[in-house]
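Just start12.txt here, compact mmCIF, C-alpha atoms and all ligand atoms:
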```txt
# COMPACT_ATOMS: atom_id res chain seq x y z
CA MET A 1 0.27 18.82 21.48
CA THR A 2 2.56 18.85 18.48
CA PHE A 3 1.52 17.03 15.36
CA ASN A 4 4.26 14.49 15.81
CA LYS A 5 2.55 13.40 19.02
CA LEU A 6 -0.80 13.30 17.25
CA PHE A 7 0.72 11.25 14.47
CA GLU A 8 2.18 8.80 16.96
CA GLU A 9 -1.24 8.43 18.55
CA LYS A 10 -2.74 7.69 15.16
CA ILE A 11 -0.14 4.96 14.76
CA LYS A 12 -0.98 3.51 18.18
CA LYS A 13 -4.62 3.37 17.18
CA ALA A 14 -3.71 1.67 13.93
CA GLN A 15 -1.76 -0.96 15.87
CA SER A 16 -4.84 -2.08 17.73
CA ASN A 17 -7.02 -1.96 14.64
CA ASN A 18 -6.28 -5.07 12.68
CA LYS A 19 -9.77 -6.00 11.60
CA PRO A 20 -11.09 -5.43 8.13
CA ILE A 21 -12.52 -1.95 8.01
CA GLY A 22 -15.95 -2.74 6.58
CA LYS A 23 -17.46 -5.10 9.10
CA GLU A 24 -16.89 -6.15 12.66
CA SER A 25 -17.45 -9.80 11.89
CA HIS A 26 -17.13 -11.03 8.34
CA THR A 27 -16.38 -14.05 6.27
CA ARG A 28 -12.77 -14.36 5.28
CA LEU A 29 -13.69 -14.42 1.60
CA PRO A 30 -15.52 -11.18 0.73
CA SER A 31 -18.77 -11.51 -1.18
CA GLY A 32 -18.43 -11.75 -4.96
CA GLN A 33 -14.88 -13.14 -4.74
CA THR A 34 -13.57 -16.57 -5.81
CA LEU A 35 -10.53 -18.13 -4.22
CA THR A 36 -7.58 -18.88 -6.50
CA GLU A 37 -4.40 -20.83 -5.87
CA LYS A 38 -2.57 -19.00 -8.63
CA PHE A 39 -1.13 -15.54 -8.26
CA PRO A 40 -2.32 -13.71 -11.39
CA VAL A 41 -0.35 -10.75 -12.72
CA LEU A 42 -2.39 -7.61 -13.34
CA ASP A 43 -1.13 -4.20 -14.37
CA LEU A 44 -1.11 -1.64 -17.19
CA GLY A 45 1.27 -3.82 -19.21
CA ILE A 46 4.39 -1.72 -18.70
CA THR A 47 6.96 -3.51 -16.56
CA PRO A 48 9.57 -1.01 -15.40
CA GLU A 49 13.13 -2.29 -15.15
CA VAL A 50 14.42 -1.06 -11.81
CA SER A 51 17.04 -3.02 -9.91
CA LEU A 52 17.06 -3.01 -6.13
CA ASN A 53 20.40 -1.14 -6.27
CA ASP A 54 18.99 1.69 -8.39
CA TRP A 55 15.61 1.83 -6.66
CA THR A 56 14.79 4.96 -4.63
CA LEU A 57 11.70 5.97 -2.71
CA LYS A 58 10.73 9.60 -2.07
CA ILE A 59 8.33 10.95 0.51
CA PHE A 60 7.18 14.44 -0.43
CA GLY A 61 4.34 16.94 -0.30
CA GLU A 62 2.76 17.94 3.01
CA VAL A 63 5.55 16.77 5.29
CA THR A 64 8.02 18.53 7.58
CA HIS A 65 10.95 16.69 6.02
CA GLU A 66 10.95 15.51 2.43
CA LEU A 67 12.97 12.32 2.36
CA GLU A 68 14.58 10.03 -0.17
CA PHE A 69 15.61 6.48 0.67
CA ASN A 70 17.33 3.63 -1.05
CA TYR A 71 17.19 0.01 0.02
CA GLU A 72 20.40 0.26 2.09
CA ASN A 73 19.08 3.31 4.00
CA LEU A 74 15.83 1.52 4.73
CA LYS A 75 17.62 -1.59 5.91
CA SER A 76 19.84 0.34 8.29
CA GLU A 77 17.08 2.58 9.68
CA PHE A 78 13.89 0.53 9.90
CA ASP A 79 12.62 -2.81 11.14
CA ILE A 80 12.03 -5.46 8.53
CA VAL A 81 8.71 -7.13 9.21
CA GLU A 82 6.99 -10.21 7.87
CA ASP A 83 3.27 -10.40 7.40
CA VAL A 84 0.92 -13.02 5.99
CA SER A 85 -2.22 -11.51 4.47
CA ASP A 86 -4.97 -12.09 1.93
CA PHE A 87 -5.28 -10.30 -1.41
CA HIS A 88 -8.57 -9.37 -3.07
CA CYS A 89 -8.69 -8.20 -6.67
CA VAL A 90 -11.67 -6.25 -7.95
CA THR A 91 -11.82 -8.64 -10.92
CA HIS A 92 -13.19 -11.20 -8.39
CA TRP A 93 -10.19 -13.36 -7.51
CA SER A 94 -8.82 -13.59 -4.00
CA LYS A 95 -5.75 -15.34 -2.74
CA PHE A 96 -5.16 -16.32 0.89
CA ASP A 97 -1.98 -16.32 2.93
CA LEU A 98 0.46 -14.30 0.90
CA LYS A 99 3.72 -14.05 2.78
CA TRP A 100 5.37 -10.64 2.46
CA LYS A 101 8.52 -9.16 3.92
CA GLY A 102 9.25 -5.45 3.96
CA PHE A 103 9.16 -2.13 5.75
CA ARG A 104 6.20 -0.36 7.28
CA PRO A 105 5.39 2.90 5.49
CA ARG A 106 4.33 4.36 8.84
CA ASP A 107 7.89 4.09 10.15
CA LEU A 108 9.17 6.15 7.22
CA LEU A 109 6.29 8.61 7.54
CA LYS A 110 7.09 9.16 11.19
CA LEU A 111 10.51 10.39 10.16
CA ALA A 112 9.04 12.60 7.43
CA ALA A 113 6.60 14.03 10.04
CA PRO A 114 3.39 14.71 8.10
CA LEU A 115 1.97 18.22 8.51
CA GLU A 116 -1.21 18.46 10.52
CA HIS A 117 -3.55 18.96 7.55
CA ALA A 118 -2.01 16.10 5.54
CA LYS A 119 -4.86 13.56 5.40
CA PHE A 120 -4.38 11.84 2.05
CA ILE A 121 -1.65 10.13 0.08
CA THR A 122 -0.86 9.20 -3.48
CA PHE A 123 1.38 6.27 -4.31
CA HIS A 124 3.38 7.00 -7.49
CA SER A 125 4.93 4.08 -9.33
CA TYR A 126 7.74 3.66 -11.86
CA ASP A 127 5.19 2.80 -14.58
CA ASP A 128 3.48 6.17 -13.89
CA TYR A 129 0.58 4.40 -12.19
CA THR A 130 -0.96 6.22 -9.24
CA THR A 131 -3.46 5.28 -6.55
CA ASN A 132 -4.80 7.24 -3.59
CA LEU A 133 -5.75 6.44 0.01
CA SER A 134 -6.33 8.25 3.25
CA LEU A 135 -3.16 8.61 5.29
CA ASP A 136 -4.84 6.58 8.06
CA ALA A 137 -5.32 3.61 5.73
CA ILE A 138 -1.59 3.09 5.32
CA LEU A 139 -0.67 3.18 9.01
CA ASP A 140 -1.93 -0.31 9.84
CA ASP A 141 0.38 -3.16 10.88
CA ASP A 142 -0.30 -5.13 7.71
CA VAL A 143 0.57 -2.34 5.24
CA LEU A 144 4.02 -2.99 3.84
CA LEU A 145 6.58 -1.80 1.35
CA ALA A 146 7.38 -5.36 0.36
CA PHE A 147 10.63 -6.52 -1.23
CA GLU A 148 10.16 -10.26 -0.63
CA PHE A 149 7.31 -12.61 -1.41
CA ASP A 150 7.36 -16.22 -0.20
CA ASP A 151 10.94 -15.79 1.06
CA GLN A 152 12.17 -14.81 -2.42
CA PRO A 153 13.02 -11.37 -3.82
CA LEU A 154 9.82 -9.91 -5.20
CA THR A 155 9.66 -10.67 -8.93
CA LYS A 156 9.27 -7.75 -11.30
CA GLU A 157 5.91 -9.08 -12.59
CA HIS A 158 4.54 -8.67 -9.08
CA GLY A 159 6.05 -5.22 -8.59
CA GLY A 160 9.68 -5.83 -7.67
CA PRO A 161 12.01 -4.55 -6.47
CA VAL A 162 9.53 -3.00 -4.01
CA ARG A 163 5.72 -2.76 -3.99
CA VAL A 164 3.05 -1.62 -1.61
CA VAL A 165 0.69 -4.13 0.01
CA VAL A 166 -2.58 -2.84 1.50
CA PRO A 167 -4.45 -6.07 2.36
CA LYS A 168 -7.68 -4.43 3.60
CA ARG A 169 -8.39 -2.79 0.23
CA TYR A 170 -8.90 -4.16 -3.26
CA ALA A 171 -5.58 -4.93 -4.87
CA TRP A 172 -5.44 -1.93 -7.20
CA LYS A 173 -4.54 0.11 -4.09
CA SER A 174 -1.39 -2.04 -3.70
CA ALA A 175 0.97 -0.09 -5.97
CA LYS A 176 3.65 -2.16 -7.68
CA TRP A 177 7.12 -0.66 -8.45
CA ILE A 178 6.63 2.01 -5.82
CA LYS A 179 8.56 5.21 -6.52
CA SER A 180 7.19 7.81 -4.13
CA ILE A 181 4.57 8.62 -1.54
CA GLU A 182 3.02 12.07 -1.83
CA LEU A 183 1.02 13.58 1.05
CA HIS A 184 -1.83 16.01 0.42
CA ASN A 185 -4.43 17.92 2.36
CA GLU A 186 -7.05 17.07 -0.25
CA ASP A 187 -7.85 13.70 -1.75
CA ARG A 188 -6.69 13.22 -5.37
CA PRO A 189 -8.04 10.29 -7.35
CA GLY A 190 -5.44 7.95 -8.84
CA PHE A 191 -5.36 6.13 -12.19
CA TRP A 192 -8.28 3.75 -11.62
CA GLU A 193 -10.14 6.03 -9.25
CA GLU A 194 -10.34 8.59 -12.09
CA ARG A 195 -11.76 5.87 -14.31
CA GLY A 196 -14.67 4.91 -12.10
CA TYR A 197 -13.18 2.66 -9.46
CA HIS A 198 -14.30 3.29 -5.91
CA ASN A 199 -12.27 5.74 -3.88
CA ASP A 200 -12.15 3.59 -0.71
CA ALA A 201 -12.11 0.04 -2.15
CA ASP A 202 -13.16 -1.96 0.91
CA PRO A 203 -13.73 -5.55 -0.32
CA TRP A 204 -16.13 -6.38 2.55
CA LEU A 205 -18.37 -3.51 1.50
CA GLU A 206 -17.92 -4.46 -2.18
CA GLN A 207 -16.74 -0.95 -2.97
CA ARG A 208 -15.75 -1.85 -6.52
CA TYR A 209 -16.96 1.09 -8.58
CA SER A 210 -18.13 4.57 -7.75
CA LYS A 211 -21.64 5.45 -8.76
N1 LIG B 1 2.40 0.28 -10.49
C1 LIG B 1 1.28 -0.43 -10.66
N2 LIG B 1 0.75 -1.01 -9.59
C2 LIG B 1 -0.38 -1.74 -9.71
C3 LIG B 1 -1.02 -1.88 -10.97
C4 LIG B 1 -0.42 -1.24 -12.09
O1 LIG B 1 -0.91 -1.30 -13.23
N3 LIG B 1 0.73 -0.54 -11.89
N4 LIG B 1 -2.16 -2.63 -11.05
C5 LIG B 1 -2.94 -2.83 -9.81
C6 LIG B 1 -3.95 -3.86 -9.95
S1 LIG B 1 -5.31 -3.42 -10.85
C7 LIG B 1 -3.87 -5.06 -9.30
S2 LIG B 1 -5.17 -6.15 -9.33
C8 LIG B 1 -2.65 -5.48 -8.56
C9 LIG B 1 -2.17 -6.80 -9.08
O2 LIG B 1 -1.00 -7.22 -8.43
P1 LIG B 1 -0.30 -8.54 -8.97
O3 LIG B 1 0.03 -8.33 -10.42
O4 LIG B 1 0.90 -8.74 -8.11
O5 LIG B 1 -1.31 -9.65 -8.80
O6 LIG B 1 -1.61 -4.51 -8.70
C10 LIG B 1 -2.04 -3.17 -8.62
N5 LIG B 1 -0.88 -2.33 -8.60
MO MO B 2 -6.94 -5.06 -10.38
```

As structure tokens - that is how I would like this structure written.
Amino acid sequence: MTFNKLFEEKIKKAQSNNKPIGKESHTRLPSGQTLTEKFPVLDLGITPEVSLNDWTLKIFGEVTHELEFNYENLKSEFDIVEDVSDFHCVTHWSKFDLKWKGFRPRDLLKLAAPLEHAKFITFHSYDDYTTNLSLDAILDDDVLLAFEFDDQPLTKEHGGPVRVVVPKRYAWKSAKWIKSIELHNEDRPGFWEERGYHNDADPWLEQRYSK
């Protein structure tokens, strides 16, 4: 079987796997979290100025085809999907029912055709922020490259023109101002992961900090 087939099977599995990863049954609000109505802004304090017209996204590293997209390419090649999901920040606030619209990274990755040993990714952002995940973690239905929030263009405070949303992990894994996705065969800690945050960041397992 070629790896493309294997990768497509991974995606199929991800499609039927929409539960939080930590627990089979769980409360909607993970332990240690408090619900907020507001949508706080949290980042390193550098807000990159990138317009949707100038924005590009690269996929590089352990892939068969390194690719570069702009918004027009994405719109003409991939489905635009809407998803409503919850958001859990490690600083203990959670927000329910955030309405995102965007592209699925797995659709882009399929075109890039990850090499067989590529098991990990790094999101690189325009503010030089990075965060890492397993490749599997970003194949789920609810993982988006979002350009709209609440039916409006994503504001730059929240990561516009385009950010990542990974609802099943603490929010620091949801890279704002996404610039590129790098695939690796070995895991590489990102900005917060190097500074003591947990590598996996499952809110239902309270994976806040590494020991
Ligand atoms: N590029 C980038 N993405 C980032 C961050 C950052 O500093 N830079 N901060 C992370 C953290 S710690 C959190 S809690 C969420 C916050 O997203 P929000 O500002 O939209 O609430 O973005 C994450 N994504
Ligand atoms: Mo955060």

Original post:
Of the residues A:His65, A:His198, A:Lys75, A:Lys173, which is the one nearest to Gly102 of chain A, using all atoms listed in the file?
Top reply: A:Lys75

Can you check which parts of chain A lie within 7 Å of ligand MO 2 (chain B)? Per residue, the shortest pair of atoms and distance in Å to one decimal, counting all atoms listed in the file, sorted by chain and number, as a Markdown table.
```
| residue | atom | partner | partner_atom | distance |
| --- | --- | --- | --- | --- |
| A:Leu42 | CA | B:MO2 | MO | 6.0 |
| A:Cys89 | CA | B:MO2 | MO | 5.2 |
| A:Val90 | CA | B:MO2 | MO | 5.4 |
| A:Thr91 | CA | B:MO2 | MO | 6.1 |
| A:Ala171 | CA | B:MO2 | MO | 5.7 |
| A:Trp172 | CA | B:MO2 | MO | 4.7 |
```

Limited to C-alpha atoms, could you put the picked residues into a file as a PDB file, in the coordinates of the input?
```pdb
ATOM      1  CA  LEU A  42      -2.390  -7.610 -13.340  1.00  0.00           C
ATOM      2  CA  CYS A  89      -8.690  -8.200  -6.670  1.00  0.00           C
ATOM      3  CA  VAL A  90     -11.670  -6.250  -7.950  1.00  0.00           C
ATOM      4  CA  THR A  91     -11.820  -8.640 -10.920  1.00  0.00           C
ATOM      5  CA  ALA A 171      -5.580  -4.930  -4.870  1.00  0.00           C
ATOM      6  CA  TRP A 172      -5.440  -1.930  -7.200  1.00  0.00           C
TER       7      TRP A 172
END
```

Original post:
So which residues touch Leu52 of chain A within 12 Å, counting only C-alpha atoms, skipping near sequence neighbours fewer than 3 positions away, as a PyMOL selection string?
Top reply: chain A and resi 49+55-57+69-72+74+146-148+153-156+159-163+177-179

Original post:
Using only C-alpha atoms and all ligand atoms, what are the residues with an atom within 6 Å of ligand LIG 1 (chain B), set out as an MDAnalysis selection string?
Top reply: chainID A and resid 39:44 89 125 127 129 158 171:172 174:177

Original post:
Which is closest to Asn73 of chain A among A:Leu108, A:Leu98, A:Leu205, A:Val164, if we use all atoms listed in the file?
Top reply: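 Using all atoms listed in the file, the shortest distance to Asn73 of chain A belongs to A:Leu108.
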
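Counting only C-alpha atoms and comparing A:Arg28, A:Lys13, A:His124, A:Lys101, the residue that lies closest to Leu139 of chain A is A:Lys13.
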